[in-house]
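Each remark here refers to the structure printed beneath this line.
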Amino acid sequence: MPTALITGITGQDGSYLAELLLSKGYKVVGMVRRSSTVSFERIEHILDDVTILQGDLQDQGSLLSMLEEYKPTEVYNLAAQSFVPTSWNQPALTGDVTALGVTRMLEAIRFVNPKIRFYQASSSEMFGKVLEVPQKETTPFYPRSPYGVAKVYGHWITINYRESFDIFATSGILFNHESPRRGLEFVTRKISDGVARIKLGKAKELRLGNLDARRDWGFAGDYVHAMWLMLQQDHPDNYVIGMGETHSVKEFCEVAFSHVGLDYKDYVVVDEKFYRPAEVDLLISDPSLARNKLQWEPAVTFRELVTMMVDSDMARHQKMN
């Protein structure tokens with residue numbers, strides 16, 4: 001039975017990845033930061049099947065002891081300060097966790113067992129002010145937030161350890177991936193939750209920022225399968241994962257509201273306080289390498305993703321009632 005360590009197991013991606021690995025017969029170990037209010041909501045249904053450990057990407061010792069005791073064959077580094085607006089409020093913390101945390105984990109792997117296969121969660125936010133459309137593995141980076149900058153560091157240090165120490169270190173440059181498990185602070189979940197609240201009479205409006213910003217949105221459950229496929233290859237590499245299509249925040253609103261018989265124009269209010277200091281206007285992936293080399297194909301379409309999220313939030317609010 002192979003053992004996998006997932007940092008950030010309580011997050012959206014961590015929960016879907018844990019489910020996938022369990023279905024494939026893995027022993028799953030999840031790392032969480034020490035906190036008096038840790039939420040296991042996303043993995044509550046599999047808590048009996050996974051091992052939860054306290055550790056921190058800011059603490060080298062905890063990473064070393066974890067690898068030495070549990071001897072994972074694969075490490076998936078999904079933990080990060082991953083909310084872009086927060087990275088502007090806490091840029092130094094974002095750098096320490098999202099950038100230097102990758103180095104600490106790679107150092108732990110190099111010291112304990114260089115044969116461990118390592119996955120780094122890179123991000124389309126690294127492309128930022130895009131220099132090429134669509135974006136692929138060789139597209140230059142131009143990050144537009146402290147989060148994007150930190151992810152660029154994590155991406156390149158992963159490549160450096162791969163080339164310098166012959167570690168199987170691979171990087172998945174994932175474009176925006178959403179699900180009913182997405183945090184309420186993210187715009188897609190803010191929309192689906194807002195639609196449910198308005199439809200059920202709990203709210204009268206939904207305040208959003210730039211409706212013209214465009215993203216390449218896919219389903220998180222599809223994307224974690226790509227993560228696993230990357231670590232099953234003969235050689236490590238970098239892979240762009242996305243749908244290869246782009247949609248605006250406005251389009252997301254149109255699909256979400258119309259799904260419950262409403263017109264978004266009657267409820268959405270544009271509020272400049274939700275604009276970014278430096279906007280990322282257009283992100284669209286070229287996932288050709290992943291589709292050809294990994295044989296990866298997404299199963300959920302954009303429209304299916306949006307309606308899935310709205311249905312989930314409708315059911316949640318109705319249950320609360």
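Identifiers in the structure tokens: chain A, B, ... in order shown; residue index from 1 per chain; ligand index from 1 in order shown.
Using only C-alpha atoms, the contacts of stretch 227-243 of chain A at a cut-off of 6 Å, with sequence neighbours closer than 3 positions omitted, comprise Glu137, Phe168, Ala169, Thr170, Ser171, Gly172, Ile173, Leu174, Phe175, Val224, Ser285, Pro287 and Ala290 of chain A.
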Using N, CA, C and O atoms, can you write the selected residues to a file as a PDB file, in the first residue's frame?
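selection_3.pdb, written as the output of this step:
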```
ATOM      1  N   GLU A 137       3.156  25.840 -20.817  1.00  0.00           N
ATOM      2  CA  GLU A 137       4.258  25.610 -19.881  1.00  0.00           C
ATOM      3  C   GLU A 137       5.435  26.561 -20.098  1.00  0.00           C
ATOM      4  O   GLU A 137       6.157  26.892 -19.155  1.00  0.00           O
ATOM      5  N   PHE A 168      12.287  13.641  -7.984  1.00  0.00           N
ATOM      6  CA  PHE A 168      11.105  13.595  -8.849  1.00  0.00           C
ATOM      7  C   PHE A 168      10.145  14.679  -8.357  1.00  0.00           C
ATOM      8  O   PHE A 168       9.226  14.427  -7.583  1.00  0.00           O
ATOM      9  N   ALA A 169      10.391  15.915  -8.810  1.00  0.00           N
ATOM     10  CA  ALA A 169       9.606  17.067  -8.386  1.00  0.00           C
ATOM     11  C   ALA A 169       8.870  17.623  -9.587  1.00  0.00           C
ATOM     12  O   ALA A 169       9.489  18.081 -10.549  1.00  0.00           O
ATOM     13  N   THR A 170       7.568  17.559  -9.540  1.00  0.00           N
ATOM     14  CA  THR A 170       6.752  18.005 -10.667  1.00  0.00           C
ATOM     15  C   THR A 170       5.854  19.153 -10.241  1.00  0.00           C
ATOM     16  O   THR A 170       5.516  19.284  -9.065  1.00  0.00           O
ATOM     17  N   SER A 171       5.491  19.984 -11.197  1.00  0.00           N
ATOM     18  CA  SER A 171       4.719  21.176 -10.894  1.00  0.00           C
ATOM     19  C   SER A 171       3.480  21.235 -11.775  1.00  0.00           C
ATOM     20  O   SER A 171       3.584  21.168 -13.002  1.00  0.00           O
ATOM     21  N   GLY A 172       2.316  21.359 -11.148  1.00  0.00           N
ATOM     22  CA  GLY A 172       1.067  21.485 -11.888  1.00  0.00           C
ATOM     23  C   GLY A 172       0.613  22.932 -11.890  1.00  0.00           C
ATOM     24  O   GLY A 172       0.283  23.482 -10.838  1.00  0.00           O
ATOM     25  N   ILE A 173       0.631  23.558 -13.067  1.00  0.00           N
ATOM     26  CA  ILE A 173       0.190  24.947 -13.174  1.00  0.00           C
ATOM     27  C   ILE A 173      -1.312  24.924 -13.420  1.00  0.00           C
ATOM     28  O   ILE A 173      -1.776  24.881 -14.565  1.00  0.00           O
ATOM     29  N   LEU A 174      -2.060  24.916 -12.335  1.00  0.00           N
ATOM     30  CA  LEU A 174      -3.504  24.755 -12.423  1.00  0.00           C
ATOM     31  C   LEU A 174      -4.210  26.093 -12.591  1.00  0.00           C
ATOM     32  O   LEU A 174      -3.946  27.042 -11.849  1.00  0.00           O
ATOM     33  N   PHE A 175      -5.071  26.141 -13.585  1.00  0.00           N
ATOM     34  CA  PHE A 175      -5.930  27.302 -13.755  1.00  0.00           C
ATOM     35  C   PHE A 175      -7.099  27.185 -12.772  1.00  0.00           C
ATOM     36  O   PHE A 175      -7.234  26.168 -12.073  1.00  0.00           O
ATOM     37  N   VAL A 224      -7.618  17.300  -9.565  1.00  0.00           N
ATOM     38  CA  VAL A 224      -6.772  16.494  -8.663  1.00  0.00           C
ATOM     39  C   VAL A 224      -6.378  15.171  -9.331  1.00  0.00           C
ATOM     40  O   VAL A 224      -5.329  14.600  -9.007  1.00  0.00           O
ATOM     41  N   SER A 285      -5.919  28.688 -20.617  1.00  0.00           N
ATOM     42  CA  SER A 285      -4.868  27.666 -20.665  1.00  0.00           C
ATOM     43  C   SER A 285      -4.742  26.999 -22.026  1.00  0.00           C
ATOM     44  O   SER A 285      -5.682  26.961 -22.815  1.00  0.00           O
ATOM     45  N   PRO A 287      -3.811  23.307 -22.383  1.00  0.00           N
ATOM     46  CA  PRO A 287      -3.477  22.068 -21.669  1.00  0.00           C
ATOM     47  C   PRO A 287      -3.064  20.921 -22.599  1.00  0.00           C
ATOM     48  O   PRO A 287      -3.212  19.758 -22.238  1.00  0.00           O
ATOM     49  N   ALA A 290      -0.721  18.130 -21.151  1.00  0.00           N
ATOM     50  CA  ALA A 290      -1.378  17.240 -20.184  1.00  0.00           C
ATOM     51  C   ALA A 290      -2.326  16.277 -20.887  1.00  0.00           C
ATOM     52  O   ALA A 290      -2.406  15.093 -20.530  1.00  0.00           O
TER      53      ALA A 290
END
```
Next on the checklist: Report as a ChimeraX atom specification all protein, DNA and RNA residues lying within 7 Å of stretch 7-21 of chain A, evaluated on only C-alpha atoms, omitting residues in the same chain fewer than 4 positions from it.
Outcome noted: /A:25-26,28,30-32,40,42-43,76-79,181-182,220-221,224
Using C-alpha atoms, can you write the selected residues to a file as a PDB file, in the first residue's frame?
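Writing done, so here's again-v6.pdb:
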```pdb
ATOM      1  CA  GLY A  25      -5.689   2.018  -2.200  1.00  0.00           C
ATOM      2  CA  TYR A  26      -3.332   4.601  -0.732  1.00  0.00           C
ATOM      3  CA  VAL A  28      -3.380   8.943   3.196  1.00  0.00           C
ATOM      4  CA  GLY A  30      -2.853  14.792   5.949  1.00  0.00           C
ATOM      5  CA  MET A  31      -0.969  17.704   7.453  1.00  0.00           C
ATOM      6  CA  VAL A  32      -2.864  20.520   9.183  1.00  0.00           C
ATOM      7  CA  PHE A  40     -12.580  19.278   8.982  1.00  0.00           C
ATOM      8  CA  ARG A  42     -14.591  19.019   3.747  1.00  0.00           C
ATOM      9  CA  ILE A  43     -13.081  15.709   4.898  1.00  0.00           C
ATOM     10  CA  TYR A  76       1.386  16.624  -2.576  1.00  0.00           C
ATOM     11  CA  ASN A  77       2.090  20.177  -1.449  1.00  0.00           C
ATOM     12  CA  LEU A  78      -1.288  21.907  -1.631  1.00  0.00           C
ATOM     13  CA  ALA A  79      -0.969  24.069   1.485  1.00  0.00           C
ATOM     14  CA  ARG A 181     -16.275  22.937  -1.490  1.00  0.00           C
ATOM     15  CA  ARG A 182     -14.702  26.242  -2.551  1.00  0.00           C
ATOM     16  CA  ALA A 220     -11.533  20.713  -8.817  1.00  0.00           C
ATOM     17  CA  GLY A 221     -12.423  17.015  -8.787  1.00  0.00           C
ATOM     18  CA  VAL A 224      -6.772  16.494  -8.663  1.00  0.00           C
TER      19      VAL A 224
END
```
Item to check | A:Arg207 surroundings by only C-alpha atoms, 6 Å radius, close-in-sequence under 2 positions cut, as a ChimeraX atom specification | outcome: /A:268-271
Checklist entry - Skipping near chain neighbours, those fewer than 6 positions away, what residues fall within 10 Å of stretch 143-157 of chain A using only C-alpha atoms, listed as a PyMOL selection string? => result chain A and resi 80-103+106+120-130+163+169-173+238+276-280
Next on the checklist: I need the residues in stretch 68-305 of chain A that are alpha helix (DSSP H) according to DSSP; give them as JSON, numbers by chain.
Outcome noted: {"A": [68, 69, 70, 84, 85, 86, 87, 88, 89, 91, 92, 93, 94, 101, 102, 103, 104, 105, 106, 107, 108, 109, 110, 111, 112, 146, 147, 148, 149, 150, 151, 152, 153, 154, 155, 156, 157, 158, 159, 160, 161, 162, 163, 164, 165, 187, 188, 189, 190, 191, 192, 193, 194, 195, 196, 197, 198, 199, 220, 221, 222, 223, 224, 225, 226, 227, 228, 229, 230, 249, 250, 251, 252, 253, 254, 255, 256, 257, 258, 259, 288, 289, 302, 303, 304, 305]}
